[in-house]
file target21.cif (mmCIF, C-alpha atoms)
data_entry
loop_
_atom_site.label_atom_id
_atom_site.label_comp_id
_atom_site.auth_asym_id
_atom_site.auth_seq_id
_atom_site.Cartn_x
_atom_site.Cartn_y
_atom_site.Cartn_z
CA MET A 18 0.00 0.00 0.00
CA LYS A 19 2.89 2.35 0.77
CA ASN A 20 4.36 1.80 -2.69
CA LYS A 21 0.96 2.36 -4.31
CA LEU A 22 0.54 5.70 -2.51
CA GLU A 23 4.04 6.78 -3.51
CA LEU A 24 3.36 6.10 -7.19
CA GLY A 25 0.26 8.28 -7.04
CA SER A 26 1.24 11.13 -4.73
CA ALA A 27 4.94 11.21 -3.74
CA PRO A 28 7.02 14.22 -4.92
CA LEU A 29 7.72 13.46 -8.57
CA GLY A 30 11.42 14.29 -8.67
CA LYS A 31 12.30 12.11 -5.70
CA LEU A 32 10.02 9.32 -6.90
CA MET A 33 11.61 9.29 -10.36
CA VAL A 34 15.08 9.09 -8.81
CA LYS A 35 13.97 6.38 -6.39
CA LEU A 36 12.60 4.17 -9.17
CA ALA A 37 15.02 5.07 -11.96
CA ILE A 38 18.37 4.54 -10.24
CA PRO A 39 17.74 0.92 -9.18
CA SER A 40 16.27 0.18 -12.61
CA ILE A 41 19.29 1.69 -14.37
CA VAL A 42 21.62 -0.38 -12.22
CA ALA A 43 19.51 -3.47 -12.92
CA PHE A 44 19.68 -2.93 -16.70
CA LEU A 45 23.43 -2.26 -16.58
CA ILE A 46 23.91 -5.40 -14.58
CA ASN A 47 21.65 -7.40 -16.90
CA ILE A 48 23.58 -6.35 -19.99
CA LEU A 49 26.81 -7.35 -18.27
CA TYR A 50 25.72 -10.99 -18.52
CA ASN A 51 26.67 -11.12 -22.19
CA VAL A 52 28.86 -8.04 -22.62
CA VAL A 53 31.25 -9.16 -19.89
CA ASP A 54 31.54 -12.49 -21.69
CA ARG A 55 32.60 -10.64 -24.85
CA ILE A 56 35.08 -8.47 -22.95
CA TYR A 57 36.79 -11.51 -21.41
CA ILE A 58 36.62 -13.50 -24.64
CA GLY A 59 38.18 -10.59 -26.53
CA HIS A 60 41.22 -10.92 -24.26
CA ILE A 61 41.79 -14.65 -24.70
CA PRO A 62 45.49 -15.12 -25.64
CA GLY A 63 46.10 -15.69 -29.34
CA ASP A 64 43.81 -14.64 -32.16
CA SER A 65 40.93 -13.41 -29.96
CA SER A 66 38.96 -12.11 -32.95
CA LEU A 67 37.83 -15.65 -33.88
CA PRO A 68 36.18 -16.58 -30.54
CA LEU A 69 34.78 -13.04 -30.29
CA THR A 70 33.27 -13.40 -33.76
CA GLY A 71 31.89 -16.82 -32.82
CA VAL A 72 30.08 -15.43 -29.79
CA GLY A 73 28.87 -12.49 -31.90
CA ILE A 74 27.24 -14.93 -34.30
CA CYS A 75 25.24 -16.33 -31.36
CA LEU A 76 23.75 -12.89 -30.61
CA PRO A 77 20.66 -13.31 -32.83
CA ILE A 78 19.58 -16.37 -30.85
CA ILE A 79 20.47 -14.85 -27.47
CA THR A 80 18.56 -11.69 -28.38
CA LEU A 81 15.52 -13.65 -29.58
CA ILE A 82 15.38 -15.60 -26.32
CA SER A 83 15.40 -12.32 -24.38
CA ALA A 84 12.75 -10.93 -26.74
CA PHE A 85 10.30 -13.66 -25.73
CA SER A 86 10.99 -12.79 -22.09
CA SER A 87 10.04 -9.17 -22.83
CA PHE A 88 6.99 -10.35 -24.78
CA ALA A 89 5.46 -11.68 -21.56
CA GLY A 90 7.17 -9.42 -19.00
CA SER A 91 7.01 -6.02 -20.69
CA GLY A 92 3.52 -6.86 -22.00
CA GLY A 93 2.11 -8.01 -18.68
CA ALA A 94 3.78 -5.69 -16.15
CA PRO A 95 2.22 -2.41 -17.42
CA LEU A 96 -1.22 -4.08 -17.43
CA ALA A 97 -0.65 -5.24 -13.85
CA ALA A 98 0.53 -1.75 -12.84
CA ILE A 99 -2.62 -0.19 -14.34
CA GLU A 100 -4.76 -2.63 -12.33
CA LEU A 101 -2.81 -1.72 -9.18
CA GLY A 102 -3.67 1.91 -9.91
CA LYS A 103 -7.36 1.00 -10.16
CA SER A 104 -7.25 -1.01 -6.92
CA GLU A 105 -7.65 2.16 -4.85
CA LYS A 106 -11.30 2.24 -5.96
CA ASP A 107 -11.83 -1.32 -7.21
CA SER A 108 -11.22 -4.17 -4.75
CA ALA A 109 -11.15 -6.78 -7.53
CA ALA A 110 -8.31 -5.05 -9.41
CA LEU A 111 -5.56 -6.67 -7.32
CA ASP A 112 -6.87 -10.14 -8.19
CA ARG A 113 -6.85 -9.20 -11.87
CA ALA A 114 -3.24 -8.04 -11.52
CA LYS A 115 -2.31 -11.42 -10.00
CA GLN A 116 -4.03 -13.23 -12.86
CA ILE A 117 -1.98 -11.21 -15.33
CA LEU A 118 1.23 -12.23 -13.52
CA SER A 119 0.20 -15.89 -13.44
CA ASN A 120 -0.55 -16.01 -17.15
CA ALA A 121 2.73 -14.26 -17.96
CA PHE A 122 4.47 -17.01 -15.96
CA ILE A 123 2.66 -19.70 -17.99
CA MET A 124 3.72 -18.00 -21.23
CA LEU A 125 7.36 -17.86 -20.11
CA CYS A 126 7.38 -21.58 -19.29
CA PHE A 127 5.91 -22.39 -22.71
CA PHE A 128 8.45 -20.21 -24.51
CA SER A 129 11.30 -21.90 -22.64
CA VAL A 130 10.39 -25.37 -23.85
CA VAL A 131 9.78 -24.34 -27.47
CA LEU A 132 12.88 -22.15 -27.85
CA THR A 133 15.26 -24.64 -26.26
CA THR A 134 13.99 -27.46 -28.48
CA ILE A 135 14.08 -25.53 -31.76
CA PHE A 136 17.48 -23.92 -31.30
CA TYR A 137 19.18 -26.99 -29.86
CA VAL A 138 18.05 -29.24 -32.71
CA GLY A 139 19.02 -26.81 -35.46
CA LYS A 140 21.82 -24.81 -33.85
CA GLU A 141 24.58 -25.54 -36.38
CA THR A 142 22.29 -24.81 -39.32
CA PHE A 143 21.16 -21.54 -37.73
CA LEU A 144 24.73 -20.48 -36.98
CA MET A 145 25.79 -21.04 -40.58
CA TRP A 146 22.82 -18.97 -41.76
CA PHE A 147 23.81 -16.23 -39.32
CA GLY A 148 27.28 -15.76 -40.80
CA ALA A 149 29.52 -18.41 -39.22
CA SER A 150 32.58 -19.47 -41.20
CA SER A 151 34.43 -22.77 -40.92
CA GLU A 152 36.86 -21.08 -38.51
CA THR A 153 34.30 -19.43 -36.24
CA LEU A 154 31.59 -22.16 -36.19
CA PRO A 155 33.32 -24.29 -33.50
CA PHE A 156 33.45 -21.32 -31.10
CA ALA A 157 29.83 -20.36 -31.79
CA ASN A 158 28.62 -23.94 -31.41
CA ASP A 159 30.50 -24.45 -28.12
CA TYR A 160 29.05 -21.29 -26.60
CA LEU A 161 25.46 -21.77 -27.77
CA SER A 162 25.23 -25.46 -26.82
CA ILE A 163 25.79 -24.56 -23.17
CA TYR A 164 23.91 -21.25 -23.17
CA LEU A 165 20.68 -22.94 -24.34
CA ILE A 166 20.63 -25.06 -21.17
CA GLY A 167 19.81 -21.88 -19.27
CA THR A 168 16.93 -20.73 -21.49
CA PHE A 169 14.34 -21.41 -18.77
CA PHE A 170 16.31 -19.34 -16.24
CA VAL A 171 16.64 -16.45 -18.72
CA GLN A 172 12.90 -16.44 -19.34
CA LEU A 173 12.05 -16.27 -15.64
CA SER A 174 14.73 -13.80 -14.49
CA ILE A 175 14.13 -11.30 -17.32
CA GLY A 176 10.42 -11.93 -17.90
CA LEU A 177 9.23 -11.79 -14.28
CA ASN A 178 11.48 -8.99 -13.05
CA PRO A 179 9.25 -6.20 -14.52
CA PHE A 180 6.44 -7.39 -12.23
CA ILE A 181 8.66 -6.54 -9.26
CA THR A 182 9.28 -3.04 -10.62
CA ALA A 183 5.57 -2.63 -11.44
CA GLN A 184 4.68 -2.65 -7.74
CA GLY A 185 7.27 0.01 -6.88
CA LYS A 186 9.97 -2.43 -5.72
CA ALA A 187 12.73 -1.14 -8.00
CA LYS A 188 15.51 -1.90 -5.50
CA THR A 189 14.43 -5.53 -5.24
CA ALA A 190 14.35 -5.78 -9.04
CA MET A 191 17.84 -4.33 -9.13
CA VAL A 192 19.16 -6.83 -6.59
CA SER A 193 17.68 -9.74 -8.56
CA MET A 194 19.79 -8.77 -11.57
CA MET A 195 22.80 -7.72 -9.49
CA ILE A 196 23.15 -11.11 -7.85
CA GLY A 197 23.41 -12.95 -11.16
CA ALA A 198 25.61 -10.38 -12.89
CA ILE A 199 28.15 -10.07 -10.09
CA LEU A 200 28.33 -13.85 -9.93
CA ASN A 201 28.92 -13.93 -13.70
CA ILE A 202 31.72 -11.37 -13.44
CA ILE A 203 33.38 -13.47 -10.75
CA LEU A 204 32.92 -16.83 -12.50
CA ASP A 205 33.93 -15.72 -16.02
CA PRO A 206 37.69 -15.38 -15.43
CA ILE A 207 37.69 -18.59 -13.38
CA PHE A 208 36.06 -20.72 -16.09
CA ILE A 209 37.61 -18.94 -19.10
CA PHE A 210 41.21 -18.52 -17.94
CA LYS A 211 41.80 -20.47 -14.71
CA LEU A 212 40.11 -23.66 -15.93
CA ASN A 213 41.13 -22.88 -19.55
CA LEU A 214 37.61 -23.53 -20.92
CA GLY A 215 37.50 -20.52 -23.25
CA VAL A 216 34.07 -19.75 -24.71
CA LYS A 217 32.62 -22.85 -23.01
CA GLY A 218 33.64 -21.38 -19.66
CA ALA A 219 31.91 -18.09 -20.47
CA ALA A 220 28.67 -19.93 -21.26
CA ILE A 221 28.86 -22.05 -18.09
CA ALA A 222 29.36 -18.95 -15.94
CA THR A 223 26.37 -17.28 -17.59
CA VAL A 224 24.02 -20.24 -17.07
CA ILE A 225 24.94 -20.56 -13.37
CA SER A 226 24.42 -16.83 -12.86
CA GLN A 227 21.04 -16.82 -14.59
CA PHE A 228 19.91 -19.76 -12.47
CA VAL A 229 20.67 -17.89 -9.25
CA SER A 230 18.91 -14.75 -10.52
CA ALA A 231 15.79 -16.73 -11.50
CA ILE A 232 15.60 -18.33 -8.04
CA TRP A 233 15.76 -14.89 -6.42
CA VAL A 234 12.92 -13.52 -8.57
CA LEU A 235 10.69 -16.53 -7.95
CA THR A 236 11.35 -16.37 -4.21
CA PHE A 237 10.23 -12.75 -4.03
CA LEU A 238 7.15 -13.21 -6.21
CA THR A 239 5.89 -16.12 -4.09
CA LYS A 240 6.36 -14.55 -0.64
CA LYS A 241 3.26 -13.94 1.48
CA SER A 242 4.27 -10.33 2.12
CA THR A 243 4.50 -9.48 -1.61
CA LEU A 244 1.54 -7.44 -2.89
CA LEU A 245 1.60 -8.71 -6.49
CA LYS A 246 2.60 -12.38 -6.28
CA ILE A 247 2.25 -15.80 -7.89
CA GLU A 248 -0.26 -17.98 -6.07
CA TRP A 249 0.48 -21.52 -7.23
CA ARG A 250 -2.98 -22.90 -6.42
CA LYS A 251 -4.69 -20.17 -8.42
CA ILE A 252 -2.58 -20.39 -11.57
CA LYS A 253 -4.96 -20.91 -14.46
CA PHE A 254 -4.48 -20.29 -18.17
CA ASN A 255 -6.74 -17.53 -19.48
CA PHE A 256 -6.68 -16.94 -23.22
CA GLY A 257 -8.19 -13.46 -22.89
CA ILE A 258 -5.49 -12.29 -20.48
CA CYS A 259 -2.72 -13.79 -22.60
CA LYS A 260 -4.15 -12.00 -25.62
CA LYS A 261 -4.01 -8.68 -23.77
CA ILE A 262 -0.43 -9.36 -22.68
CA ALA A 263 0.48 -10.25 -26.25
CA SER A 264 -1.14 -7.12 -27.70
CA LEU A 265 1.00 -4.89 -25.50
CA GLY A 266 4.07 -7.13 -25.39
CA ILE A 267 4.31 -7.39 -29.17
CA SER A 268 5.92 -3.94 -29.36
CA PRO A 269 8.94 -4.61 -27.07
CA PHE A 270 9.10 -8.10 -28.60
CA ILE A 271 9.44 -6.66 -32.08
CA MET A 272 11.99 -4.15 -30.80
CA GLN A 273 14.20 -7.02 -29.64
CA SER A 274 13.35 -9.76 -32.13
CA THR A 275 13.98 -7.48 -35.09
CA GLU A 276 17.30 -6.71 -33.43
CA SER A 277 17.96 -10.42 -33.86
CA ALA A 278 17.02 -10.18 -37.55
CA ILE A 279 19.36 -7.22 -37.92
CA PHE A 280 22.22 -9.19 -36.34
CA ILE A 281 21.61 -11.94 -38.90
CA ILE A 282 21.52 -9.56 -41.88
CA PHE A 283 24.50 -7.55 -40.66
CA ASN A 284 26.64 -10.59 -39.88
CA SER A 285 25.90 -12.43 -43.11
CA SER A 286 26.41 -9.28 -45.23
CA LEU A 287 29.59 -8.33 -43.39
CA GLN A 288 30.90 -11.87 -43.87
CA ARG A 289 30.20 -11.54 -47.59
CA TYR A 290 31.64 -8.05 -48.11
CA GLY A 291 34.34 -7.86 -45.42
CA GLY A 292 35.06 -11.24 -43.81
CA ASP A 293 35.43 -12.36 -40.19
CA ILE A 294 37.13 -9.15 -39.01
CA TYR A 295 34.10 -7.03 -39.95
CA VAL A 296 31.81 -9.44 -38.09
CA ALA A 297 34.06 -8.93 -35.06
CA VAL A 298 33.85 -5.15 -35.55
CA MET A 299 30.05 -5.33 -35.61
CA THR A 300 30.09 -7.44 -32.43
CA ILE A 301 32.03 -4.64 -30.75
CA MET A 302 29.71 -1.94 -32.16
CA GLN A 303 26.59 -3.76 -31.00
CA SER A 304 28.12 -4.40 -27.57
CA LEU A 305 28.95 -0.71 -27.20
CA MET A 306 25.44 0.22 -28.33
CA GLN A 307 23.96 -2.04 -25.68
CA LEU A 308 26.22 -0.58 -22.99
CA CYS A 309 25.33 2.99 -23.97
CA LEU A 310 21.58 2.49 -24.30
CA CYS A 311 20.97 0.18 -21.35
CA PRO A 312 21.16 3.03 -18.76
CA LEU A 313 18.53 4.84 -20.80
CA GLN A 314 16.44 1.67 -21.04
CA GLY A 315 16.77 1.24 -17.30
CA PHE A 316 15.74 4.84 -16.69
CA THR A 317 12.63 4.66 -18.89
CA SER A 318 11.72 1.22 -17.52
CA GLY A 319 11.92 2.51 -13.96
CA ILE A 320 9.71 5.50 -14.81
CA GLN A 321 7.10 3.45 -16.68
CA PRO A 322 5.20 2.23 -13.57
CA ILE A 323 4.57 5.87 -12.60
CA ILE A 324 3.00 6.50 -16.02
CA SER A 325 0.91 3.31 -15.94
CA TYR A 326 -0.27 3.70 -12.35
CA ASN A 327 -1.32 7.34 -12.68
CA TYR A 328 -2.93 6.73 -16.06
CA GLY A 329 -4.99 3.97 -14.46
CA ALA A 330 -5.85 6.34 -11.57
CA LYS A 331 -6.90 9.09 -14.08
CA ASN A 332 -4.21 11.45 -12.74
CA LEU A 333 -3.34 12.79 -16.20
CA GLU A 334 -1.51 15.97 -15.15
CA ARG A 335 0.97 13.86 -13.21
CA VAL A 336 1.37 11.61 -16.27
CA LYS A 337 2.21 14.63 -18.44
CA LYS A 338 4.82 15.87 -16.00
CA VAL A 339 6.50 12.46 -15.94
CA ILE A 340 6.58 12.24 -19.75
CA LYS A 341 8.07 15.73 -20.08
CA ARG A 342 10.83 15.16 -17.53
CA MET A 343 11.62 11.70 -18.83
CA THR A 344 12.01 12.94 -22.42
CA ILE A 345 14.29 15.84 -21.47
CA ILE A 346 16.55 13.58 -19.44
CA GLY A 347 16.55 10.86 -22.12
CA PHE A 348 17.53 13.30 -24.86
CA ALA A 349 20.31 14.78 -22.72
CA PHE A 350 21.73 11.36 -21.90
CA SER A 351 21.80 10.12 -25.50
CA THR A 352 23.49 13.35 -26.61
CA VAL A 353 26.27 13.01 -24.02
CA ALA A 354 26.80 9.34 -24.93
CA PHE A 355 27.05 10.30 -28.62
CA LEU A 356 29.68 12.96 -27.93
CA LEU A 357 31.81 10.62 -25.83
CA ILE A 358 31.84 7.72 -28.29
CA SER A 359 32.27 9.89 -31.37
CA ASN A 360 35.25 11.77 -29.95
CA PHE A 361 37.00 9.01 -28.00
CA PRO A 362 36.13 5.75 -29.81
CA ILE A 363 39.44 3.97 -29.31
CA TYR A 364 39.12 3.96 -25.52
CA PHE A 365 35.77 2.17 -25.74
CA VAL A 366 36.91 -0.30 -28.42
CA ARG A 367 39.90 -1.40 -26.35
CA MET A 368 37.49 -2.82 -23.78
CA PHE A 369 36.67 -5.62 -26.24
CA ALA A 370 39.85 -6.29 -28.19
CA THR A 371 43.64 -6.58 -28.07
CA ASP A 372 44.19 -7.15 -31.78
CA PHE A 373 45.61 -3.89 -33.23
CA GLU A 374 44.02 -4.30 -36.66
CA LEU A 375 40.61 -4.95 -35.11
CA ILE A 376 40.94 -1.98 -32.73
CA ASP A 377 41.92 0.39 -35.53
CA LEU A 378 39.07 -0.69 -37.82
CA ALA A 379 36.45 -0.56 -35.05
CA ALA A 380 37.60 2.90 -33.89
CA LYS A 381 37.18 4.26 -37.44
CA THR A 382 33.71 2.72 -37.68
CA CYS A 383 32.34 4.09 -34.36
CA PRO A 384 31.63 7.73 -35.39
CA ILE A 385 29.57 6.52 -38.38
CA TYR A 386 27.66 3.74 -36.64
CA PHE A 387 26.75 5.98 -33.67
CA GLY A 388 26.03 9.03 -35.85
CA ALA A 389 22.35 9.39 -34.87
CA MET A 390 22.63 8.24 -31.28
CA TRP A 391 22.18 11.80 -29.97
CA ILE A 392 18.49 11.82 -30.93
CA PHE A 393 17.69 8.18 -30.24
CA GLY A 394 16.81 8.89 -26.61
CA ILE A 395 13.59 10.55 -27.76
CA GLN A 396 12.45 7.37 -29.49
CA MET A 397 13.08 5.27 -26.39
CA CYS A 398 11.07 7.69 -24.25
CA ALA A 399 8.23 7.66 -26.78
CA GLN A 400 8.24 3.86 -26.85
CA THR A 401 8.08 3.70 -23.05
CA THR A 402 5.28 6.27 -22.92
CA PHE A 403 3.02 4.40 -25.34
CA VAL A 404 3.64 1.05 -23.63
CA GLY A 405 3.00 2.64 -20.22
CA LEU A 406 -0.30 4.09 -21.46
CA GLY A 407 -1.34 0.73 -22.90
CA LYS A 408 -1.37 2.14 -26.46
CA ALA A 409 -0.26 -1.04 -28.19
CA LYS A 410 -0.87 0.05 -31.79
CA THR A 411 1.19 3.23 -31.62
CA SER A 412 3.96 1.45 -29.77
CA LEU A 413 3.95 -1.25 -32.45
CA ILE A 414 4.23 1.33 -35.24
CA ILE A 415 7.32 2.85 -33.65
CA ALA A 416 8.85 -0.57 -33.13
CA LEU A 417 8.28 -1.57 -36.75
CA LEU A 418 9.41 1.73 -38.25
CA ARG A 419 13.07 1.80 -37.29
CA LYS A 420 14.01 -1.82 -37.78
CA VAL A 421 11.55 -3.51 -40.12
CA ILE A 422 10.56 -0.62 -42.38
CA LEU A 423 13.88 1.27 -42.44
CA LEU A 424 16.95 -0.54 -41.10
CA ILE A 425 16.55 -4.00 -42.65
CA PRO A 426 15.84 -2.71 -46.19
CA LEU A 427 18.71 -0.21 -45.91
CA ALA A 428 21.10 -2.91 -44.68
CA LEU A 429 20.17 -5.07 -47.67
CA THR A 430 20.27 -2.39 -50.40
CA LEU A 431 23.05 0.06 -49.43
CA PRO A 432 25.84 -2.58 -49.62
CA LEU A 433 24.93 -3.17 -53.27
CA PHE A 434 26.15 0.38 -54.01
CA PHE A 435 28.63 1.16 -51.22
CA GLY A 436 29.92 -2.25 -50.11
CA VAL A 437 30.68 -2.80 -46.45
CA ASN A 438 30.33 0.95 -45.66
CA GLY A 439 26.69 0.78 -46.74
CA ILE A 440 25.96 -1.68 -43.93
CA ILE A 441 27.51 0.66 -41.36
CA TRP A 442 25.61 3.73 -42.65
CA ALA A 443 22.26 1.95 -42.49
CA GLU A 444 22.14 2.28 -38.68
CA PRO A 445 22.36 6.09 -38.32
CA ILE A 446 20.03 6.75 -41.26
CA ALA A 447 17.30 4.51 -39.84
CA SER A 448 17.75 5.75 -36.25
CA PHE A 449 17.48 9.43 -37.20
CA SER A 450 14.39 8.95 -39.36
CA SER A 451 12.50 6.87 -36.80
CA ALA A 452 13.44 9.17 -33.89
CA ILE A 453 11.98 12.19 -35.68
CA THR A 454 8.74 10.30 -36.37
CA SER A 455 8.56 9.10 -32.75
CA ALA A 456 9.03 12.65 -31.47
CA ILE A 457 6.07 13.85 -33.54
CA LEU A 458 3.81 11.03 -32.32
CA LEU A 459 4.87 11.64 -28.71
CA PHE A 460 4.09 15.36 -29.02
CA ILE A 461 0.60 14.61 -30.38
CA CYS A 462 -0.07 12.10 -27.59
CA TYR A 463 1.15 14.57 -24.94
CA LYS A 464 -1.21 17.28 -26.20
CA LYS A 465 -4.17 14.88 -26.16
CA LEU A 466 -3.72 13.77 -22.56
#
call {"tool": "encode", "arguments": {"input": "target21.cif", "output": "structure tokens"}}
result
Amino acid sequence: MKNKLELGSAPLGKLMVKLAIPSIVAFLINILYNVVDRIYIGHIPGDSSLPLTGVGICLPIITLISAFSSFAGSGGAPLAAIELGKSEKDSAALDRAKQILSNAFIMLCFFSVVLTTIFYVGKETFLMWFGASSETLPFANDYLSIYLIGTFFVQLSIGLNPFITAQGKAKTAMVSMMIGAILNIILDPIFIFKLNLGVKGAAIATVISQFVSAIWVLTFLTKKSTLLKIEWRKIKFNFGICKKIASLGISPFIMQSTESAIFIIFNSSLQRYGGDIYVAVMTIMQSLMQLCLCPLQGFTSGIQPIISYNYGAKNLERVKKVIKRMTIIGFAFSTVAFLLISNFPIYFVRMFATDFELIDLAAKTCPIYFGAMWIFGIQMCAQTTFVGLGKAKTSLIIALLRKVILLIPLALTLPLFFGVNGIIWAEPIASFSSAITSAILLFICYKKL
């Protein structure tokens, strides 16, 4: 009840800080699961570009697994938060929120079984489609074979964590991710270097860490003292609820799953036009992009429950204030990140590589690839706003615009005229165009509230 009252009436500045900081830390920690693997792998003695490329080729599958987690989690949590907002006047709203959580859990279990089966059976075929060469396939296969064992843990830890944030428990959500990530950081060097397991060691460390994180999340969401919790005896599949979760979750799902499609197109095209070293460069670029954007994702994710709760409680002036502050901060952050990477690329690239040729090529590529990052914060804030308001169609349009309508066609056509540089330029062109469109839609929505 205390958390519910804070979402609706606490001083906005302090509330945003209270929810945003733990969420930012949680997202940073979450991204460290895979990025830390790439950092350590990039420093394996010898030709580290081959194992780094191999792990990079696994990114489409890893991203798609996370996308299904967001499908249920990011689709269900805002709906649950809206019901919590209604519960001040409607006693049945809390039960509806619990039903949403229970059906999201059922969806996550189903996704785990299907994804593990499909990818494990066809993993070598998929990896070859995604740009693996005869030299990098063994590294990719070793990493993915072990990583897939932890699919169930990934689904639960990522997919259920938004339901902790949705009830104002941002610190608890942060700790759930922190436990696994810190454990991964500790275990990585032990398995990779001390036990000399290479990419296999990185995958083992990740699976163990995700298991621990999933246990933490489940423990919290089944405690008697938790407001929004899983009640095992009352779990019952409801097609109508799952449909509502899917209608809202399809937007963040497309945002992430199309990222997987982009990885595939980029890797295969880069392999064709530039070879393994350009696939390694793209792995570094995408890792840096994730590191730069995840604080912004964490910030907007932490703020989203305030939007959803107050929208459900019909407190529209408070919703407008949140949107305005969130957008200003998001734009400022993305601009600063753009300036840092564009002016000092080599310092960021060295985090992932020791090979001088790879470092030099990646440093030259950074200013182009991140060329539109300064405005991308507006799109992320718009996406969060529409999801938080339950506006699935608008959120879906934004999700489709950047990646499906713009980026994928550009990545396929520009290389025909400009070679490997065309692939790199596709990213800033698509990001700038979609961000401008998102800003216009957000402005219209803000005026209508």
call {"tool": "atom_distance", "arguments": {"input": "target21.cif", "atom1": "CA of Gly407 in chain A", "atom2": "CA of Ser451 in chain A"}}
result
20.6 Å
call {"tool": "residues_around", "arguments": {"input": "target21.cif", "residues": "Ile271 in chain A", "least_positions_apart": "6", "cutoff": "8 Å", "atoms": "all atoms listed in the file", "output": "JSON, numbers by chain"}}
result
{"A": [84, 413, 416, 417]}
call {"tool": "atom_distance", "arguments": {"input": "target21.cif", "atom1": "CA of Leu313 in chain A", "atom2": "CA of Lys246 in chain A"}}
result
27.6 Å
call {"tool": "closest_residue", "arguments": {"input": "target21.cif", "among": "A:Ile252, A:Leu177, A:Cys126, A:Val53", "to": "Thr223 in chain A", "atoms": "only C-alpha atoms"}}
result
A:Val53
call {"tool": "closest_residue", "arguments": {"input": "target21.cif", "among": "A:Ala231, A:Ile440, A:Ile258, A:Ile209", "to": "Phe283 in chain A", "atoms": "all atoms listed in the file"}}
result
A:Ile440
call {"tool": "resolve_selection", "arguments": {"input": "target21.cif", "expression": "the PyMOL selection byres ((chain A and resi 294-297) around 7)", "output": "PyMOL selection string"}}
result
chain A and resi 66+69-70+284+287-288+291-293+298-301+375
